[in-house]
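Below is the file final_37.cif, which contains mmCIF, C-alpha atoms.
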data_start
#
loop_
_atom_site.label_atom_id
_atom_site.label_comp_id
_atom_site.auth_asym_id
_atom_site.auth_seq_id
_atom_site.Cartn_x
_atom_site.Cartn_y
_atom_site.Cartn_z
CA MET A 1 -11.55 -13.23 -22.41
CA ALA A 2 -14.88 -12.42 -24.06
CA HIS A 3 -14.82 -13.88 -27.56
CA LEU A 4 -17.98 -14.57 -29.52
CA THR A 5 -18.33 -17.77 -31.51
CA PHE A 6 -20.35 -17.64 -34.71
CA THR A 7 -21.94 -20.68 -36.24
CA GLU A 8 -22.17 -20.07 -39.96
CA LEU A 9 -25.32 -20.85 -41.91
CA LEU A 10 -24.13 -22.59 -45.08
CA GLU A 11 -25.73 -22.51 -48.51
CA ASN A 12 -27.77 -25.57 -49.45
CA SER A 13 -27.81 -26.70 -45.85
CA VAL A 14 -30.72 -26.81 -43.49
CA ALA A 15 -30.67 -23.90 -41.05
CA ALA A 16 -31.33 -25.66 -37.80
CA ALA A 17 -32.45 -23.67 -34.79
CA ALA A 18 -29.43 -24.96 -32.94
CA ASP A 19 -27.12 -23.28 -35.45
CA VAL A 20 -28.71 -19.89 -34.88
CA ASN A 21 -29.03 -20.45 -31.16
CA SER A 22 -25.33 -21.19 -30.87
CA THR A 23 -24.50 -17.63 -31.89
CA LEU A 24 -27.24 -16.14 -29.72
CA THR A 25 -26.14 -17.97 -26.59
CA SER A 26 -22.56 -16.95 -27.26
CA TRP A 27 -23.69 -13.31 -27.12
CA ASN A 28 -25.59 -14.00 -23.91
CA THR A 29 -22.60 -15.46 -22.11
CA GLN A 30 -19.79 -13.33 -23.49
CA SER A 31 -21.48 -9.95 -23.18
CA THR A 32 -20.93 -9.92 -19.43
CA ASP A 33 -17.22 -10.63 -19.53
CA ILE A 34 -15.71 -7.69 -21.41
CA ASP A 35 -11.99 -7.26 -20.86
CA ALA A 36 -8.81 -6.11 -22.54
CA SER A 37 -9.26 -8.55 -25.42
CA ASN A 38 -12.33 -6.55 -26.46
CA VAL A 39 -10.83 -3.10 -26.14
CA ARG A 40 -8.46 -1.60 -28.65
CA ASP A 41 -5.94 1.06 -27.71
CA GLU A 42 -7.79 4.23 -26.62
CA GLY A 43 -11.00 2.23 -26.88
CA LEU A 44 -12.27 3.16 -23.43
CA ASP A 45 -14.14 6.34 -24.19
CA GLY A 46 -16.66 7.90 -21.88
CA ARG A 47 -19.03 8.53 -24.77
CA SER A 48 -19.34 4.80 -25.55
CA VAL A 49 -20.16 3.77 -22.01
CA ALA A 50 -23.63 3.83 -20.52
CA SER A 51 -24.55 6.60 -18.10
CA ARG A 52 -23.58 5.73 -14.52
CA ALA A 53 -21.48 2.80 -15.70
CA ILE A 54 -18.45 4.42 -14.09
CA THR A 55 -18.43 4.71 -10.32
CA PRO A 56 -15.75 6.24 -8.17
CA SER A 57 -13.82 3.73 -6.19
CA ASP A 58 -14.31 3.46 -2.45
CA GLY A 59 -11.76 6.20 -1.91
CA PHE A 60 -13.98 9.22 -1.84
CA ALA A 61 -14.52 10.68 1.59
CA GLN A 62 -14.54 14.07 3.16
CA PHE A 63 -14.56 15.91 6.46
CA SER A 64 -16.07 19.37 6.81
CA ASP A 65 -16.62 21.51 9.85
CA ALA A 66 -17.42 25.22 9.83
CA GLY A 67 -16.74 25.48 13.56
CA SER A 68 -13.59 26.47 15.42
CA VAL A 69 -11.52 25.34 18.36
CA THR A 70 -9.15 27.22 20.65
CA LEU A 71 -6.02 25.29 21.62
CA THR A 72 -2.98 25.72 23.87
CA ASN A 73 -1.14 22.41 23.45
CA THR A 74 2.63 22.70 23.11
CA SER A 75 2.99 19.08 21.97
CA PRO A 76 1.48 18.00 18.64
CA ALA A 77 -2.04 16.68 19.10
CA LEU A 78 -4.93 15.64 16.92
CA VAL A 79 -7.23 18.61 16.35
CA ALA A 80 -10.79 18.16 17.61
CA ILE A 81 -13.61 20.61 17.04
CA GLY A 82 -16.06 20.13 19.84
CA ALA A 83 -16.22 16.39 20.35
CA THR A 84 -15.32 15.63 16.75
CA ASN A 85 -11.79 14.62 15.83
CA VAL A 86 -10.64 16.12 12.54
CA ILE A 87 -10.18 12.84 10.69
CA CYS A 88 -11.03 11.93 7.11
CA GLY A 89 -11.44 8.36 5.91
CA PRO A 90 -11.47 5.45 5.57
CA PHE A 91 -9.66 4.86 2.30
CA ASN A 92 -8.44 1.61 0.80
CA ILE A 93 -5.80 1.63 -1.90
CA ASN A 94 -6.05 -1.31 -4.25
CA GLU A 95 -2.51 -1.77 -5.46
CA SER A 96 -3.49 -4.33 -8.06
CA ASP A 97 -5.56 -1.60 -9.70
CA LYS A 98 -2.59 0.77 -9.40
CA GLU A 99 -4.68 3.11 -7.31
CA GLN A 100 -3.30 6.26 -5.77
CA LEU A 101 -4.93 8.53 -3.26
CA VAL A 102 -4.98 12.33 -3.47
CA VAL A 103 -5.71 14.11 -0.19
CA ARG A 104 -6.37 17.81 0.21
CA CYS A 105 -6.85 19.84 3.37
CA SER A 106 -7.50 23.51 4.06
CA CYS A 107 -8.35 25.48 7.20
CA LYS A 108 -7.89 28.81 8.92
CA VAL A 109 -5.23 29.29 11.60
CA ARG A 110 -5.00 32.19 14.04
CA ILE A 111 -2.70 32.95 16.95
CA ASN A 112 -4.47 34.83 19.70
CA ALA A 113 -1.58 36.97 20.76
CA THR A 114 -1.45 40.17 22.73
CA GLY A 115 1.54 41.99 24.10
CA SER A 116 5.23 41.41 23.68
CA GLY A 117 5.05 38.20 25.74
CA ALA A 118 3.63 36.50 22.72
CA ALA A 119 6.65 37.28 20.61
CA ASN A 120 8.25 34.63 18.44
CA LYS A 121 5.63 31.97 19.10
CA SER A 122 4.74 29.79 16.20
CA VAL A 123 1.99 27.34 15.45
CA THR A 124 2.80 24.21 13.49
CA VAL A 125 0.08 22.38 11.59
CA TYR A 126 0.57 19.08 9.80
CA MET A 127 -1.24 15.97 8.67
CA ALA A 128 -0.71 12.37 9.68
CA TYR A 129 -2.21 9.02 8.76
CA THR A 130 -3.14 5.82 10.51
CA ASP A 131 -4.44 2.46 9.41
CA ASP A 132 -6.50 2.10 12.56
CA ALA A 133 -10.04 1.15 11.48
CA SER A 134 -11.47 3.20 14.36
CA PRO A 135 -8.95 5.98 14.76
CA THR A 136 -8.68 8.10 17.89
CA SER A 137 -6.11 10.50 19.26
CA GLY A 138 -4.41 7.47 20.81
CA SER A 139 -3.93 5.61 17.54
CA THR A 140 -0.51 5.25 16.00
CA TRP A 141 -0.21 8.23 13.69
CA ASN A 142 2.46 8.63 11.02
CA VAL A 143 3.41 12.13 9.97
CA ILE A 144 2.90 12.99 6.30
CA ALA A 145 6.34 14.25 5.32
CA ARG A 146 6.46 17.85 4.22
CA SER A 147 2.84 18.52 5.11
CA ASP A 148 3.86 20.76 8.02
CA ARG A 149 3.40 24.51 7.84
CA ASP A 150 4.47 27.07 10.45
CA PHE A 151 2.57 30.23 11.33
CA LEU A 152 5.06 32.54 12.96
CA LEU A 153 4.18 35.31 15.37
CA ASN A 154 6.99 37.76 14.82
CA ASN A 155 7.55 40.68 17.10
CA TYR A 156 7.88 43.84 15.05
CA GLY A 157 8.07 45.97 18.14
CA ALA A 158 6.30 46.77 21.36
CA GLY A 159 2.69 45.71 21.04
CA ILE A 160 3.10 44.63 17.42
CA ASP A 161 2.81 40.92 16.87
CA PRO A 162 1.88 40.28 13.26
CA PRO A 163 1.33 38.17 11.33
CA LYS A 164 -1.07 36.02 13.27
CA ARG A 165 -3.61 34.78 10.77
CA GLY A 166 -3.20 32.44 7.89
CA VAL A 167 -4.60 29.59 5.86
CA TYR A 168 -3.24 26.07 6.00
CA THR A 169 -3.61 24.25 2.69
CA VAL A 170 -1.88 21.08 1.57
CA SER A 171 -2.39 18.59 -1.21
CA PHE A 172 -0.48 15.34 -1.49
CA LEU A 173 -0.43 12.05 -3.33
CA PHE A 174 -0.51 8.91 -1.22
CA SER A 175 0.30 5.59 -2.83
CA GLY A 176 0.80 2.12 -1.46
CA GLY A 177 3.88 -0.01 -1.50
CA GLY A 178 6.81 -0.49 0.80
CA SER A 179 5.91 -0.44 4.45
CA LEU A 180 2.90 1.79 3.97
CA SER A 181 -0.47 0.41 4.86
CA THR A 182 -3.13 0.46 2.20
CA ALA A 183 -6.30 -0.42 4.10
CA ASN A 184 -8.43 1.56 6.53
CA LEU A 185 -6.38 4.66 5.93
CA HIS A 186 -7.45 7.73 7.87
CA PHE A 187 -5.91 11.18 7.71
CA GLY A 188 -5.91 13.53 10.68
CA LEU A 189 -5.00 17.17 11.30
CA PHE A 190 -2.43 17.86 14.02
CA SER A 191 -1.15 21.09 15.53
CA SER A 192 0.84 22.63 18.36
CA ILE A 193 2.23 25.98 19.51
CA SER A 194 5.86 26.52 20.34
CA GLY A 195 5.37 27.90 23.83
CA SER A 196 2.90 28.36 26.62
CA GLY A 197 0.98 31.48 27.45
CA VAL A 198 -0.56 32.01 24.04
CA ASN A 199 -3.50 30.20 22.57
CA TYR A 200 -4.37 29.66 18.96
CA TYR A 201 -7.34 28.54 17.04
CA ILE A 202 -8.20 26.47 14.00
CA ALA A 203 -11.42 26.93 12.10
CA ASP A 204 -13.33 26.09 8.92
CA VAL A 205 -11.66 22.79 8.19
CA HIS A 206 -12.22 20.74 5.08
CA ILE A 207 -10.40 17.53 4.16
CA HIS A 208 -11.18 15.25 1.28
CA GLY A 209 -9.54 12.37 -0.47
CA VAL A 210 -10.20 10.47 -3.66
CA THR A 211 -8.49 7.46 -5.16
CA TYR A 212 -7.51 7.37 -8.81
CA ALA A 213 -6.39 4.39 -10.85
CA ARG A 214 -3.24 5.08 -12.79
CA MET B 1 -26.55 -6.45 -17.77
CA GLY B 2 -25.19 -7.99 -20.94
CA VAL B 3 -27.65 -9.04 -23.63
CA SER B 4 -30.39 -11.58 -23.22
CA LEU B 5 -31.28 -13.05 -26.60
CA SER B 6 -34.06 -15.62 -26.63
CA THR B 7 -33.30 -18.70 -28.68
CA PHE B 8 -35.38 -20.39 -31.38
CA SER B 9 -37.14 -23.75 -31.25
CA ASP B 10 -36.81 -26.45 -33.86
CA GLY B 11 -39.67 -26.54 -36.30
CA THR B 12 -40.58 -22.87 -35.77
CA ALA B 13 -40.15 -20.48 -38.64
CA ILE B 14 -37.56 -17.74 -38.10
CA SER B 15 -38.97 -14.51 -39.41
CA ALA B 16 -37.03 -11.46 -40.54
CA SER B 17 -38.47 -9.47 -37.64
CA ASP B 18 -37.20 -12.08 -35.18
CA LEU B 19 -33.68 -11.63 -36.48
CA ARG B 20 -33.96 -7.83 -36.66
CA ALA B 21 -35.09 -7.70 -33.05
CA ARG B 22 -32.09 -9.66 -31.89
CA VAL B 23 -29.66 -7.69 -34.05
CA GLY B 24 -31.24 -4.52 -32.66
CA THR B 25 -30.66 -5.73 -29.12
CA ILE B 26 -27.01 -6.33 -29.94
CA GLU B 27 -26.71 -2.89 -31.54
CA ASP B 28 -28.17 -1.24 -28.47
CA PHE B 29 -25.75 -3.12 -26.26
CA VAL B 30 -22.64 -2.30 -28.27
CA ASN B 31 -23.64 1.34 -28.72
CA GLU B 32 -23.81 2.80 -25.18
CA GLY B 33 -25.56 -0.18 -23.59
CA ILE B 34 -22.58 -1.59 -21.74
CA VAL B 35 -22.90 -1.20 -17.99
CA GLN B 36 -20.54 -1.65 -15.08
CA GLY B 37 -21.34 -5.31 -14.47
CA ASP B 38 -20.51 -6.24 -18.06
CA TYR B 39 -16.82 -5.69 -17.49
CA ASP B 40 -14.50 -8.32 -16.11
CA SER B 41 -13.85 -7.25 -12.53
CA THR B 42 -10.22 -8.26 -12.51
CA ALA B 43 -7.68 -5.54 -13.17
CA TRP B 44 -7.20 -5.48 -16.92
CA THR B 45 -7.27 -1.81 -17.91
CA ASP B 46 -4.07 0.01 -18.69
CA THR B 47 -3.21 3.49 -19.84
CA ASN B 48 -3.16 2.47 -23.49
CA HIS B 49 -6.85 1.63 -23.32
CA PHE B 50 -7.98 5.13 -22.39
CA TYR B 51 -9.07 7.66 -24.92
CA GLY B 52 -7.09 10.85 -24.57
CA PRO B 53 -8.71 13.87 -22.99
CA ASP B 54 -10.50 16.50 -25.02
CA PHE B 55 -9.48 20.06 -24.37
CA LEU B 56 -12.48 22.27 -24.92
CA TYR B 57 -13.32 25.94 -24.76
CA PRO B 58 -13.99 27.57 -22.36
CA ASN B 59 -11.21 26.02 -20.32
CA ARG B 60 -12.58 22.54 -19.85
CA MET B 61 -11.01 19.11 -20.11
CA ARG B 62 -13.16 16.07 -20.73
CA PHE B 63 -11.88 12.68 -19.63
CA ILE B 64 -13.52 9.26 -19.50
CA SER B 65 -14.44 9.45 -15.84
CA SER B 66 -14.27 13.14 -15.03
CA ASP B 67 -14.59 16.64 -16.40
CA ILE B 68 -12.41 19.48 -15.18
CA SER B 69 -13.32 23.11 -15.58
CA TRP B 70 -10.46 25.42 -14.76
CA ARG B 71 -9.90 29.15 -14.67
CA ARG B 72 -6.58 30.88 -14.24
CA THR B 73 -5.89 34.60 -13.99
CA PRO B 74 -2.26 35.70 -13.74
CA GLY B 75 -1.04 38.46 -11.49
CA GLY B 76 -0.67 42.10 -12.50
CA HIS B 77 -2.75 45.15 -11.76
CA ARG B 78 -4.62 44.88 -15.05
CA ASN B 79 -6.02 41.50 -14.00
CA ARG B 80 -7.39 42.42 -10.59
CA SER B 81 -10.94 41.87 -9.46
CA PHE B 82 -12.02 45.09 -7.70
CA HIS B 83 -14.56 45.25 -4.87
CA HIS B 84 -15.38 48.51 -3.14
CA HIS B 85 -16.94 49.41 0.19
CA TYR B 86 -19.46 51.73 -1.45
CA SER B 87 -20.88 49.08 -3.75
CA HIS B 88 -22.30 45.78 -2.55
CA ALA B 89 -20.94 46.29 0.98
CA GLY B 90 -22.25 43.54 3.20
CA ALA B 91 -23.28 41.27 0.33
CA TYR B 92 -21.47 38.40 -1.34
CA VAL B 93 -20.64 39.06 -4.98
CA PRO B 94 -18.64 36.91 -7.43
CA VAL B 95 -14.92 37.31 -7.79
CA THR B 96 -14.19 37.65 -11.49
CA GLY B 97 -12.38 34.58 -12.77
CA LEU B 98 -13.12 32.36 -9.78
CA GLY B 99 -16.24 30.62 -11.04
CA ALA B 100 -17.28 27.87 -13.41
CA THR B 101 -20.54 26.71 -14.95
CA PHE B 102 -20.72 23.15 -16.19
CA ARG B 103 -23.11 20.29 -16.85
CA VAL B 104 -23.18 16.82 -15.34
CA ASP B 105 -25.41 13.97 -16.48
CA ALA B 106 -26.24 12.21 -13.23
CA ASP B 107 -27.50 13.05 -9.76
CA SER B 108 -25.13 12.83 -6.80
CA THR B 109 -22.06 13.42 -8.97
CA PRO B 110 -19.01 13.91 -6.73
CA LEU B 111 -17.42 17.32 -7.18
CA ILE B 112 -13.99 18.50 -6.08
CA VAL B 113 -13.09 22.18 -5.97
CA THR B 114 -9.74 23.79 -5.27
CA ALA B 115 -9.18 27.54 -5.39
CA SER B 116 -6.27 29.79 -4.58
CA PHE B 117 -6.04 33.57 -4.76
CA TYR B 118 -4.11 36.60 -3.51
CA ALA B 119 -6.20 39.29 -1.82
CA TRP B 120 -5.80 42.48 0.16
CA GLU B 121 -7.52 45.64 1.27
CA ILE B 122 -6.30 49.17 0.72
CA GLY B 123 -7.55 52.70 1.25
CA GLY B 124 -8.77 52.77 4.85
CA ASP B 125 -7.43 55.17 7.45
CA LEU B 126 -6.24 52.74 10.15
CA ASN B 127 -2.77 53.70 11.29
CA ALA B 128 -2.09 52.14 14.69
CA ALA B 129 0.08 49.07 15.05
CA ALA B 130 -2.46 47.48 17.37
CA ASP B 131 -4.98 47.52 14.54
CA ILE B 132 -2.98 45.04 12.46
CA GLU B 133 -5.16 42.00 11.85
CA ASN B 134 -7.40 43.17 14.65
CA ALA B 135 -10.65 41.21 14.78
CA SER B 136 -12.57 44.51 14.76
CA TYR B 137 -11.26 45.30 11.31
CA GLU B 138 -12.18 42.26 9.25
CA ALA B 139 -12.44 43.93 5.87
CA ALA B 140 -13.74 41.14 3.67
CA ASN B 141 -14.87 37.54 3.71
CA PHE B 142 -14.64 34.92 1.00
CA GLN B 143 -16.70 31.77 0.64
CA LEU B 144 -17.30 29.13 -1.98
CA PHE B 145 -20.86 28.99 -3.31
CA VAL B 146 -22.20 25.87 -5.02
CA ASN B 147 -25.43 26.52 -6.85
CA GLY B 148 -26.01 29.56 -4.67
CA THR B 149 -25.43 27.80 -1.36
CA ALA B 150 -22.53 28.99 0.78
CA GLU B 151 -20.19 26.22 1.85
CA THR B 152 -19.38 27.74 5.20
CA GLU B 153 -16.32 25.60 5.93
CA THR B 154 -14.57 27.46 3.10
CA HIS B 155 -14.89 30.80 4.90
CA ARG B 156 -11.75 32.91 4.60
CA ALA B 157 -11.04 36.48 5.67
CA ILE B 158 -8.67 39.37 5.12
CA PHE B 159 -8.18 42.28 7.44
CA ALA B 160 -7.82 45.98 6.80
CA SER B 161 -4.41 47.24 5.84
CA VAL B 162 -2.85 49.39 8.50
CA GLY B 163 -0.70 52.46 8.25
CA THR B 164 1.62 53.89 5.70
CA ALA B 165 4.80 53.83 7.77
CA GLY B 166 7.09 50.86 7.40
CA LEU B 167 5.68 47.81 5.72
CA TYR B 168 2.88 47.03 8.14
CA TYR B 169 0.28 47.52 5.46
CA LEU B 170 1.66 44.44 3.72
CA VAL B 171 0.79 42.17 6.64
CA GLY B 172 -2.86 42.07 5.71
CA ARG B 173 -2.12 40.80 2.20
CA LYS B 174 -2.88 37.12 2.10
CA GLN B 175 -2.56 34.17 -0.18
CA LEU B 176 -5.83 32.41 0.51
CA ALA B 177 -6.90 28.94 -0.53
CA MET B 178 -9.83 26.61 -0.08
CA VAL B 179 -10.68 23.04 -0.97
CA TRP B 180 -14.13 21.51 -1.00
CA ALA B 181 -15.75 18.26 -2.02
CA GLY B 182 -19.41 17.39 -2.24
CA THR B 183 -22.02 16.30 -4.74
CA VAL B 184 -24.10 18.04 -7.39
CA ASN B 185 -27.11 16.90 -9.33
CA LYS B 186 -27.88 16.33 -12.99
CA GLY B 187 -27.96 19.45 -15.14
CA VAL B 188 -26.15 22.76 -15.18
CA ASN B 189 -24.25 23.63 -12.02
CA HIS B 190 -22.56 26.81 -10.87
CA VAL B 191 -19.50 27.03 -8.64
CA GLN B 192 -18.26 30.44 -7.57
CA VAL B 193 -15.90 31.97 -5.04
CA LYS B 194 -17.59 35.13 -3.77
CA VAL B 195 -16.36 38.06 -1.72
CA LYS B 196 -18.20 40.20 0.79
CA VAL B 197 -16.70 43.59 1.63
CA ASN B 198 -17.94 44.19 5.13
CA THR B 199 -19.58 47.53 5.83
CA PRO B 200 -16.66 49.56 7.14
CA SER B 201 -16.49 51.15 10.54
CA THR B 202 -15.30 54.74 10.76
CA GLY B 203 -13.88 55.18 14.24
CA GLY B 204 -10.63 53.28 13.96
CA GLY B 205 -8.46 55.90 12.32
CA ALA B 206 -7.68 59.46 13.15
CA GLY B 207 -10.16 60.85 10.68
CA SER B 208 -13.73 60.06 9.84
CA ASP B 209 -12.92 58.05 6.74
CA PRO B 210 -13.91 54.39 6.53
CA ASP B 211 -11.48 52.06 8.27
CA TRP B 212 -11.26 49.98 5.09
CA LYS B 213 -12.30 50.62 1.50
CA HIS B 214 -11.15 48.62 -1.51
CA VAL B 215 -10.54 44.90 -1.79
CA TYR B 216 -8.42 43.55 -4.62
CA VAL B 217 -8.10 39.96 -5.73
CA GLU B 218 -5.19 39.44 -8.04
CA ALA B 219 -3.49 36.18 -9.17
CA ARG B 220 -6.09 33.46 -8.82
CA SER B 221 -7.16 30.07 -10.05
CA ILE B 222 -9.92 27.54 -9.55
CA ASN B 223 -10.22 23.90 -10.57
CA VAL B 224 -13.59 22.16 -10.57
CA GLU B 225 -13.47 18.40 -11.10
CA ALA B 226 -16.69 16.43 -11.59
CA LEU B 227 -16.25 12.69 -11.13
CA LEU B 228 -18.70 11.32 -13.68
CA ARG B 229 -20.58 8.10 -13.11
#

Write-out of the structure in structure tokens:
Amino acid sequence: MAHLTFTELLENSVAAAADVNSTLTSWNTQSTDIDASNVRDEGLDGRSVASRAITPSDGFAQFSDAGSVTLTNTSPALVAIGATNVICGPFNINESDKEQLVVRCSCKVRINATGSGAANKSVTVYMAYTDDASPTSGSTWNVIARSDRDFLLNNYGAGIDPPKRGVYTVSFLFSGGGSLSTANLHFGLFSSISGSGVNYYIADVHIHGVTYAR
Amino acid sequence: MGVSLSTFSDGTAISASDLRARVGTIEDFVNEGIVQGDYDSTAWTDTNHFYGPDFLYPNRMRFISSDISWRRTPGGHRNRSFHHHYSHAGAYVPVTGLGATFRVDADSTPLIVTASFYAWEIGGDLNAAADIENASYEAANFQLFVNGTAETETHRAIFASVGTAGLYYLVGRKQLAMVWAGTVNKGVNHVQVKVKVNTPSTGGGAGSDPDWKHVYVEARSINVEALLR
């Protein structure tokens, strides 16, 4: 609670230095302890705050890779482009600050299909999270509900296998509470294809996350 | 951080300028002199403390800790952005309605961009089923440009439409999207989704016409959020 104390200078009294200094030192000590008692409703206005006084919380991270990877896995697996796992983080959600995390991901998906043998294959892409501080493909990953998207390779007829190209894009809000972890959060991209004999690829991946206080 | 007001000593005259200097220091502090370390670090802010956003023209919202520039173009043939093979083929040009110019006041300002749009090609003479989404017939590419620099991880593509029989020509129509985050520096910044109509081949169809011609971008939107410091 930053409250200034003023020592009044009274008429017909001697103005001692200590009287003036009392007010000055009150400014010196209280001006570094501004809190709700100093801020009226709607008092926090960007135009009354010094430049660079506001910094994003620790929850701003991104993953970008303009490369591609060709995959054949029929069980869901963490996507890796070259030797780099597609993981974005870490994020820490401070529940006492009512923080929430928004994560967005977008990438290209293609099924490399030829011939009728590729019919009715589908690629599933989804996101998952872990609270492993040094995440790998072997970490315990938890699927982000409803982040999965399917890219279906329909068979329109002999030699016709469209559609086989698409864009995976998701955006979701991640908040703490319950059994969810709120520290060292990492988000990874997972994928698989429904059957063997056809490969697929993922390219041009970007993931970012940012925490916001409510 | 905070104010630092020097005190007076007993027996020393206090001049008007001494007082004015100290009052001036306090004025500077109260009026835009408060910095991050001056605030109590415990969680004390609540929604009632925040000044409401300003909604400005053109299509910008100003908040305490971020500015958002947004553009939205609804569907309908009157709202399309047209790009033809005979003009600017092979070069990236802006998609109308998918760009924003804005100012930030500090270097290394985090920037978040999301864009979504519906695009397709039409007019080429491809007609064989095997040509559908064939890698040889990549009609156009899209990328996000930030201050003229292509952010290559946002690369997206559409392929030439194929045939007039059945509905195969619809397969190449795509809802594309991209997200990107990075930083920009103090001053005016430009963010733009651009399209490149690739120079068309001519041998894919039965005739000698280009294998693809016109690229349309219809319903589209872009949000550009600058996280101010």

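Remark: for chain B, the closest of the candidate residues A:Thr72, A:Thr7, A:Ser175, A:Asn28 is A:Asn28 (distances computed over only C-alpha atoms).
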
Report task. Given the file shown, enumerate the residues that the PyMOL selection byres ((chain A and resi 146) around 12) captures and present them as an MDAnalysis selection string. Result -> chainID A and resid 124:128 143:145 147:150 170:173

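With only the atoms specified (all atoms listed in the file) counting, those residues at most 9 Å away from (-6.8, 59.7, 9.5) are Gly124, Asp125, Leu126, Asn127, Gly204, Gly205, Ala206, Gly207, Ser208 and Asp209 of chain B.
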
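Here the PyMOL selection byres ((chain B) within 6 of (chain A)) captures the residues B:Gly2, B:Val3, B:Ser4, B:Leu5, B:Thr7, B:Phe8, B:Ser9, B:Asp10, B:Glu32, B:Gly33, B:Ile34, B:Val35, B:Gln36, B:Asp38, B:Tyr39, B:Asp40, B:Ala43, B:Trp44, B:Asn48, B:His49, B:Phe50, B:Tyr51, B:Ile64, B:Ala129, B:Thr152, B:Glu153, B:Met178, B:Val179, B:Arg229.
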
Query raised in the report: CA of Phe159 in chain B to CA of Glu133 in chain B: how many Å, to one decimal?
Result: 5.4 Å

Requested in this report: Tell me which protein, DNA and RNA residues are within 7 Å of Thr109 in chain B, counting all atoms listed in the file, leaving out same-chain ones fewer than 3 positions away, and put them as number ranges by chain.
Outcome: B: 106, 183-185, 226-229

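Residues matched by the PyMOL selection byres ((chain B and resi 180) around 6) in this file: Ile112, Val113, Val179 and Ala181 of chain B.
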
Query raised in the report: Which polymer residues have any atom within 7 Å of an atom of range 196-200 of chain B, counting all atoms listed in the file, with same-chain residues fewer than 6 positions away left out, as number ranges by chain?
Result: B: 84-85, 89-93, 139-142, 210-212

Query raised in the report: Can you tell me, as a list of chain:residue names, which residues sit within 9 Å of (-3.3, 10.9, 20.1) in the file's frame, using all atoms listed in the file?
Result: A:Pro76, A:Ala77, A:Leu78, A:Thr136, A:Ser137, A:Gly138, A:Ser139, A:Thr140, A:Trp141

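CA of Thr154 in chain B sits 20.7 Å away from CA of Phe102 in chain B.
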
Requested in this report: In Å, rounded to a single decimal, give me how far CA of Val191 in chain B is from CA of Ala150 in chain B.
Outcome: 10.1 Å

Query - Selected residue of minimal separation from Thr114 in chain B among B:Val171, B:Ile68, B:Val217, B:Ile132, counting all atoms listed in the file - result: B:Ile68

Requested in this report: Can you work out which one of B:Ser221, B:Ser108, B:Thr96, B:Asn59 has the shortest atom-to-atom distance to His83 in chain B, counting only C-alpha atoms?
Outcome: B:Thr96

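If all atoms listed in the file are the atoms counted, then among A:Arg110, A:Leu153, A:Tyr212, A:Ser122 the closest residue to Arg156 in chain B is A:Arg110.
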